[in-house]
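Below is one structure, written out as structure tokens, with a few remarks after it.
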Amino acid sequence: MCDQTFLAIVFGPCDKCSKEKPLRPVYIKSEQLSYCSLCVEMMATEGLRENETLASLKSEAESLKGKLEEERAKLHDVELHQVAERVEALGQFVMKTRRTLKGHGNKVLCMDWCKDKRRIVSSSQDGKVIVWDSFTTNKEHAVTMPCTWVMACAYAPSGCAIACGGLDNKCSVYPLTFEKNENMAAKKKSVAMHTNYLSACSFTNSDMQILTASGDGTCALWDVESGQLLQSFHGHGADVLCLDLAPSETGNTFVSGGCDKKAMVWDMRSGQCIQSFETHDSDINSVRYYPSGDAFASGSDDATCRLYDLRADREVAIYSKESIIFGASSVDFSLSGRLLFAGYNDYTINVWDVLKGSRVSILFGHENRVSTLRVSPDGTAFCSGSWDHTLRIWA
Amino acid sequence: MAQDMTEKELLKMELDQLKKEVKNERQMVSKTGKELKEYIESMAGEDPLLKGVPEDKNPFKEKGGCIIS
């Protein structure tokens, strides 16, 4: 009980300050070092200072967020649905499945339309990427990726290539040929390299550049020919799940959404984030620009879709219902922007009146989660892909 | 990469971003909302999913059938 333990004191050069002093053993990352008592105290208080800095950063962030909210609130003089009070209400919508594309062996994760308004590329969990003719439902091309969960795919503006990627952390481009015995895998070109899964990809307005989003928290712009990284976009605090390029008339910006609940708008040339929005309560699975480029919609795991006005710099509408409790996985606008189509994890597609904020239709048909949804380039139809292995064209 | 950053680095990044954004220019919702509405009204006439398209004009409406010309 009263055993006295004598500490053997070693005298020598301190491992930190090199002064000749009585030394104490310290363990840093399981390595034993000898520090003088002054350095031991400094080290102990460093930990304290570290915590203080973290706390002060947090409170500074909170107060800035409060200030930002204040500034935004000053311009929030009216709600969007009030602006649209006198707009004629929409009638009944009759939208049915017009085509069902069957052929994937597992969950469909992503799809994109070709500019020719009839071809579609889709990718699935089993690694298969298929190009379809949506008029005839024929499969025109198919390739098997060396990885599973191909979460992203995109059609090149020329219609001559597709890009895709997923758990391989890369985005690869495959030229499409019309040779009889086409070997797509042989012509594969690896363009983007991330340090985590690829969640989204899109060609810019030419076949020469690709924009990617990744689970590593970044977005990046790549040159297809050389595979060179042209610009990277840092700002998300967690996985980036989706991105959308602004309509070409509005300039070089794009919006991204992530697991940090933030939607961020970026300048493609400078790599800077111009605006960010954090009003969702959960991951943002999908973002899509409004056709005029002045706003964008988002779909989230918090079961809501929201509209953000870029010039008012705020959220201006929430599309939600108490009865909708499953996450929205993908959103897209009709040609005029009046309708917002959203696919949900409860297997349905809800059609929202963008101006009035009300739901105008609910579409049933898929037998599992709707994972991806895009309106065709000329707005005549939209395509949805699902975990039920199929894609459906609705019109 | 967000996955490689410490909590402190992530917070610093967020702070720098917030400082920039507070200075952004903004417009009144009454003005911008009106412009959103006007855009829709100008495009509504050409929106096939909104207005509907006659069966013979929309390639998706009828399946099958070949037109030999």
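In the structure tokens, each chain is lettered A, B, ... as it comes, each chain's residues begin at 1, and ligands are numbered from 1 in order of appearance.
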Near chain A, which residues of chain B fall within 7 Å when you count only C-alpha atoms, and what do they look like as a PDB file with N, CA, C and O atoms, in the first residue's frame?
ATOM      1  N   MET B   1      -9.067  15.178 -50.764  1.00  0.00           N
ATOM      2  CA  MET B   1     -10.134  14.189 -50.664  1.00  0.00           C
ATOM      3  C   MET B   1     -10.785  14.271 -49.296  1.00  0.00           C
ATOM      4  O   MET B   1     -10.093  14.258 -48.299  1.00  0.00           O
ATOM      5  N   ALA B   2     -12.117  14.328 -49.300  1.00  0.00           N
ATOM      6  CA  ALA B   2     -12.822  14.446 -48.024  1.00  0.00           C
ATOM      7  C   ALA B   2     -12.500  13.268 -47.114  1.00  0.00           C
ATOM      8  O   ALA B   2     -12.409  13.405 -45.905  1.00  0.00           O
ATOM      9  N   GLN B   3     -12.291  12.096 -47.715  1.00  0.00           N
ATOM     10  CA  GLN B   3     -12.104  10.915 -46.888  1.00  0.00           C
ATOM     11  C   GLN B   3     -10.763  10.940 -46.153  1.00  0.00           C
ATOM     12  O   GLN B   3     -10.598  10.278 -45.147  1.00  0.00           O
ATOM     13  N   LYS B   8     -10.710  18.809 -38.324  1.00  0.00           N
ATOM     14  CA  LYS B   8     -10.287  20.209 -38.300  1.00  0.00           C
ATOM     15  C   LYS B   8     -10.154  20.744 -39.722  1.00  0.00           C
ATOM     16  O   LYS B   8     -10.607  21.847 -40.024  1.00  0.00           O
ATOM     17  N   LEU B  10     -11.640  19.648 -42.420  1.00  0.00           N
ATOM     18  CA  LEU B  10     -12.957  19.735 -43.038  1.00  0.00           C
ATOM     19  C   LEU B  10     -13.656  21.008 -42.576  1.00  0.00           C
ATOM     20  O   LEU B  10     -14.280  21.717 -43.359  1.00  0.00           O
ATOM     21  N   LEU B  11     -13.542  21.305 -41.284  1.00  0.00           N
ATOM     22  CA  LEU B  11     -14.172  22.504 -40.734  1.00  0.00           C
ATOM     23  C   LEU B  11     -13.565  23.759 -41.344  1.00  0.00           C
ATOM     24  O   LEU B  11     -14.271  24.698 -41.700  1.00  0.00           O
ATOM     25  N   MET B  13     -12.195  24.077 -44.238  1.00  0.00           N
ATOM     26  CA  MET B  13     -12.650  24.171 -45.627  1.00  0.00           C
ATOM     27  C   MET B  13     -14.058  24.762 -45.662  1.00  0.00           C
ATOM     28  O   MET B  13     -14.360  25.653 -46.453  1.00  0.00           O
ATOM     29  N   LEU B  15     -15.483  26.628 -43.353  1.00  0.00           N
ATOM     30  CA  LEU B  15     -15.418  28.017 -42.910  1.00  0.00           C
ATOM     31  C   LEU B  15     -15.017  28.951 -44.044  1.00  0.00           C
ATOM     32  O   LEU B  15     -15.638  29.984 -44.266  1.00  0.00           O
ATOM     33  N   LEU B  18     -17.893  29.352 -46.381  1.00  0.00           N
ATOM     34  CA  LEU B  18     -18.947  30.191 -45.825  1.00  0.00           C
ATOM     35  C   LEU B  18     -18.570  31.673 -45.894  1.00  0.00           C
ATOM     36  O   LEU B  18     -19.389  32.519 -46.221  1.00  0.00           O
ATOM     37  N   GLU B  21     -19.274  32.879 -49.275  1.00  0.00           N
ATOM     38  CA  GLU B  21     -20.681  32.922 -49.665  1.00  0.00           C
ATOM     39  C   GLU B  21     -21.461  34.054 -49.045  1.00  0.00           C
ATOM     40  O   GLU B  21     -22.415  34.553 -49.633  1.00  0.00           O
ATOM     41  N   VAL B  22     -21.076  34.465 -47.831  1.00  0.00           N
ATOM     42  CA  VAL B  22     -21.807  35.547 -47.174  1.00  0.00           C
ATOM     43  C   VAL B  22     -21.773  36.793 -48.060  1.00  0.00           C
ATOM     44  O   VAL B  22     -22.706  37.595 -48.053  1.00  0.00           O
ATOM     45  N   ARG B  26     -27.495  38.692 -54.000  1.00  0.00           N
ATOM     46  CA  ARG B  26     -28.751  37.946 -54.058  1.00  0.00           C
ATOM     47  C   ARG B  26     -29.875  38.830 -54.551  1.00  0.00           C
ATOM     48  O   ARG B  26     -29.830  40.044 -54.389  1.00  0.00           O
ATOM     49  N   GLN B  27     -30.913  38.186 -55.105  1.00  0.00           N
ATOM     50  CA  GLN B  27     -32.063  38.970 -55.552  1.00  0.00           C
ATOM     51  C   GLN B  27     -33.313  38.509 -54.810  1.00  0.00           C
ATOM     52  O   GLN B  27     -33.351  37.418 -54.271  1.00  0.00           O
ATOM     53  N   MET B  28     -34.335  39.325 -54.831  1.00  0.00           N
ATOM     54  CA  MET B  28     -35.576  39.015 -54.114  1.00  0.00           C
ATOM     55  C   MET B  28     -36.299  37.842 -54.761  1.00  0.00           C
ATOM     56  O   MET B  28     -36.353  37.741 -55.993  1.00  0.00           O
ATOM     57  N   VAL B  29     -36.897  36.993 -53.937  1.00  0.00           N
ATOM     58  CA  VAL B  29     -37.628  35.834 -54.453  1.00  0.00           C
ATOM     59  C   VAL B  29     -38.801  36.278 -55.306  1.00  0.00           C
ATOM     60  O   VAL B  29     -39.157  35.626 -56.281  1.00  0.00           O
ATOM     61  N   SER B  30     -39.405  37.425 -54.960  1.00  0.00           N
ATOM     62  CA  SER B  30     -40.555  37.892 -55.741  1.00  0.00           C
ATOM     63  C   SER B  30     -40.121  38.135 -57.185  1.00  0.00           C
ATOM     64  O   SER B  30     -40.867  37.883 -58.119  1.00  0.00           O
ATOM     65  N   THR B  32     -37.144  36.742 -58.728  1.00  0.00           N
ATOM     66  CA  THR B  32     -36.628  35.536 -59.367  1.00  0.00           C
ATOM     67  C   THR B  32     -37.720  34.493 -59.557  1.00  0.00           C
ATOM     68  O   THR B  32     -37.745  33.782 -60.555  1.00  0.00           O
ATOM     69  N   GLY B  33     -38.649  34.414 -58.580  1.00  0.00           N
ATOM     70  CA  GLY B  33     -39.749  33.450 -58.676  1.00  0.00           C
ATOM     71  C   GLY B  33     -40.616  33.782 -59.875  1.00  0.00           C
ATOM     72  O   GLY B  33     -41.067  32.898 -60.615  1.00  0.00           O
ATOM     73  N   LYS B  34     -40.806  35.075 -60.073  1.00  0.00           N
ATOM     74  CA  LYS B  34     -41.624  35.531 -61.204  1.00  0.00           C
ATOM     75  C   LYS B  34     -40.959  35.104 -62.504  1.00  0.00           C
ATOM     76  O   LYS B  34     -41.623  34.648 -63.441  1.00  0.00           O
ATOM     77  N   LYS B  37     -41.501  31.457 -63.162  1.00  0.00           N
ATOM     78  CA  LYS B  37     -42.869  31.247 -63.639  1.00  0.00           C
ATOM     79  C   LYS B  37     -42.984  31.658 -65.102  1.00  0.00           C
ATOM     80  O   LYS B  37     -43.590  30.959 -65.900  1.00  0.00           O
ATOM     81  N   ILE B  40     -41.489  29.122 -67.499  1.00  0.00           N
ATOM     82  CA  ILE B  40     -42.382  27.974 -67.680  1.00  0.00           C
ATOM     83  C   ILE B  40     -43.505  28.319 -68.637  1.00  0.00           C
ATOM     84  O   ILE B  40     -43.832  27.566 -69.547  1.00  0.00           O
ATOM     85  N   MET B  43     -42.491  28.322 -72.215  1.00  0.00           N
ATOM     86  CA  MET B  43     -42.114  27.034 -72.797  1.00  0.00           C
ATOM     87  C   MET B  43     -43.239  26.001 -72.742  1.00  0.00           C
ATOM     88  O   MET B  43     -43.145  24.952 -73.343  1.00  0.00           O
ATOM     89  N   ALA B  44     -44.281  26.308 -71.962  1.00  0.00           N
ATOM     90  CA  ALA B  44     -45.318  25.295 -71.714  1.00  0.00           C
ATOM     91  C   ALA B  44     -45.947  24.756 -72.982  1.00  0.00           C
ATOM     92  O   ALA B  44     -46.289  23.574 -73.061  1.00  0.00           O
ATOM     93  N   ASP B  47     -44.051  21.757 -74.376  1.00  0.00           N
ATOM     94  CA  ASP B  47     -43.685  20.668 -73.472  1.00  0.00           C
ATOM     95  C   ASP B  47     -44.586  19.470 -73.718  1.00  0.00           C
ATOM     96  O   ASP B  47     -45.742  19.458 -73.308  1.00  0.00           O
ATOM     97  N   PRO B  48     -44.058  18.422 -74.393  1.00  0.00           N
ATOM     98  CA  PRO B  48     -44.914  17.292 -74.764  1.00  0.00           C
ATOM     99  C   PRO B  48     -45.511  16.563 -73.568  1.00  0.00           C
ATOM    100  O   PRO B  48     -46.642  16.103 -73.616  1.00  0.00           O
ATOM    101  N   LEU B  49     -44.743  16.462 -72.472  1.00  0.00           N
ATOM    102  CA  LEU B  49     -45.264  15.723 -71.333  1.00  0.00           C
ATOM    103  C   LEU B  49     -46.335  16.521 -70.602  1.00  0.00           C
ATOM    104  O   LEU B  49     -47.169  15.972 -69.895  1.00  0.00           O
ATOM    105  N   PRO B  59     -43.447   8.967 -81.054  1.00  0.00           N
ATOM    106  CA  PRO B  59     -42.896   7.647 -81.385  1.00  0.00           C
ATOM    107  C   PRO B  59     -43.090   6.615 -80.291  1.00  0.00           C
ATOM    108  O   PRO B  59     -43.024   5.421 -80.544  1.00  0.00           O
ATOM    109  N   PHE B  60     -43.324   7.058 -79.075  1.00  0.00           N
ATOM    110  CA  PHE B  60     -43.459   6.093 -77.994  1.00  0.00           C
ATOM    111  C   PHE B  60     -44.879   5.622 -77.786  1.00  0.00           C
ATOM    112  O   PHE B  60     -45.121   4.652 -77.095  1.00  0.00           O
ATOM    113  N   LYS B  61     -45.808   6.319 -78.359  1.00  0.00           N
ATOM    114  CA  LYS B  61     -47.189   5.993 -78.024  1.00  0.00           C
ATOM    115  C   LYS B  61     -47.616   4.643 -78.601  1.00  0.00           C
ATOM    116  O   LYS B  61     -48.245   3.847 -77.938  1.00  0.00           O
TER     117      LYS B  61
END
For this session: Please provide as a list in words all residues within 9 Å of Asp126 (chain A), with the sequence filter that same-chain residues fewer than 5 positions apart are discarded (counting only C-alpha atoms).
Result: His104, Gly105, Asn106, Lys107, Val108, Thr144, Met145, Cys147, Thr148, Trp149 and Val150 of chain A
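One finds CA of Asn58 (chain B) at 24.6 Å from CA of Ala89 (chain A).
Going from CA of Cys39 (chain A) to CA of Val10 (chain A) covers 15.1 Å.
CA of Tyr289 (chain A) is found 8.1 Å from CA of Phe333 (chain A).
For the choices A:Glu249, A:Asp207, A:Glu225, A:Asp283, the atom-to-atom distance to Pro157 (chain A) is smallest for A:Asp207 when using only C-alpha atoms.
Counting only C-alpha atoms, the residue from A:Gly357, A:Val191, A:Thr253, A:Tyr308 that sits nearest to Phe277 (chain A) is A:Tyr308.
Shell of Arg392 (chain A) at 6 Å, with only C-alpha atoms counted and residues fewer than 2 places along the chain excluded, is Arg99, Thr100, Cys383 and Ser384 of chain A.
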Could you pull out all residues of chain B with a DSSP call of helix (DSSP H, G or I) and give them as a PDB file with C-alpha atoms, in the first residue's frame?
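The file below, out30.pdb, is the result:
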ATOM      1  CA  ALA B   2     -12.822  14.446 -48.024  1.00  0.00           C
ATOM      2  CA  GLN B   3     -12.104  10.915 -46.888  1.00  0.00           C
ATOM      3  CA  ASP B   4      -8.485  11.759 -46.028  1.00  0.00           C
ATOM      4  CA  GLU B   7     -12.253  16.987 -38.736  1.00  0.00           C
ATOM      5  CA  LYS B   8     -10.287  20.209 -38.300  1.00  0.00           C
ATOM      6  CA  GLU B   9      -9.355  20.388 -41.993  1.00  0.00           C
ATOM      7  CA  LEU B  10     -12.957  19.735 -43.038  1.00  0.00           C
ATOM      8  CA  LEU B  11     -14.172  22.504 -40.734  1.00  0.00           C
ATOM      9  CA  LYS B  12     -11.546  24.937 -42.061  1.00  0.00           C
ATOM     10  CA  MET B  13     -12.650  24.171 -45.627  1.00  0.00           C
ATOM     11  CA  GLU B  14     -16.280  24.751 -44.679  1.00  0.00           C
ATOM     12  CA  LEU B  15     -15.418  28.017 -42.910  1.00  0.00           C
ATOM     13  CA  ASP B  16     -13.484  29.406 -45.896  1.00  0.00           C
ATOM     14  CA  GLN B  17     -16.414  28.538 -48.150  1.00  0.00           C
ATOM     15  CA  LEU B  18     -18.947  30.191 -45.825  1.00  0.00           C
ATOM     16  CA  LYS B  19     -16.861  33.374 -45.604  1.00  0.00           C
ATOM     17  CA  LYS B  20     -16.981  33.630 -49.404  1.00  0.00           C
ATOM     18  CA  GLU B  21     -20.681  32.922 -49.665  1.00  0.00           C
ATOM     19  CA  VAL B  22     -21.807  35.547 -47.174  1.00  0.00           C
ATOM     20  CA  VAL B  29     -37.628  35.834 -54.453  1.00  0.00           C
ATOM     21  CA  SER B  30     -40.555  37.892 -55.741  1.00  0.00           C
ATOM     22  CA  LYS B  31     -38.389  38.832 -58.719  1.00  0.00           C
ATOM     23  CA  THR B  32     -36.628  35.536 -59.367  1.00  0.00           C
ATOM     24  CA  GLY B  33     -39.749  33.450 -58.676  1.00  0.00           C
ATOM     25  CA  LYS B  34     -41.624  35.531 -61.204  1.00  0.00           C
ATOM     26  CA  GLU B  35     -38.918  34.847 -63.792  1.00  0.00           C
ATOM     27  CA  LEU B  36     -39.109  31.097 -63.117  1.00  0.00           C
ATOM     28  CA  LYS B  37     -42.869  31.247 -63.639  1.00  0.00           C
ATOM     29  CA  GLU B  38     -42.487  33.289 -66.832  1.00  0.00           C
ATOM     30  CA  TYR B  39     -39.963  30.823 -68.241  1.00  0.00           C
ATOM     31  CA  ILE B  40     -42.382  27.974 -67.680  1.00  0.00           C
ATOM     32  CA  GLU B  41     -45.256  29.874 -69.268  1.00  0.00           C
ATOM     33  CA  SER B  42     -43.169  30.671 -72.332  1.00  0.00           C
ATOM     34  CA  MET B  43     -42.114  27.034 -72.797  1.00  0.00           C
ATOM     35  CA  ALA B  44     -45.318  25.295 -71.714  1.00  0.00           C
ATOM     36  CA  GLY B  45     -46.736  25.179 -75.204  1.00  0.00           C
ATOM     37  CA  GLU B  46     -43.851  23.047 -76.430  1.00  0.00           C
ATOM     38  CA  PRO B  48     -44.914  17.292 -74.764  1.00  0.00           C
ATOM     39  CA  LEU B  49     -45.264  15.723 -71.333  1.00  0.00           C
ATOM     40  CA  LEU B  50     -47.275  18.685 -70.115  1.00  0.00           C
ATOM     41  CA  LYS B  51     -49.606  19.221 -73.039  1.00  0.00           C
TER      42      LYS B  51
END
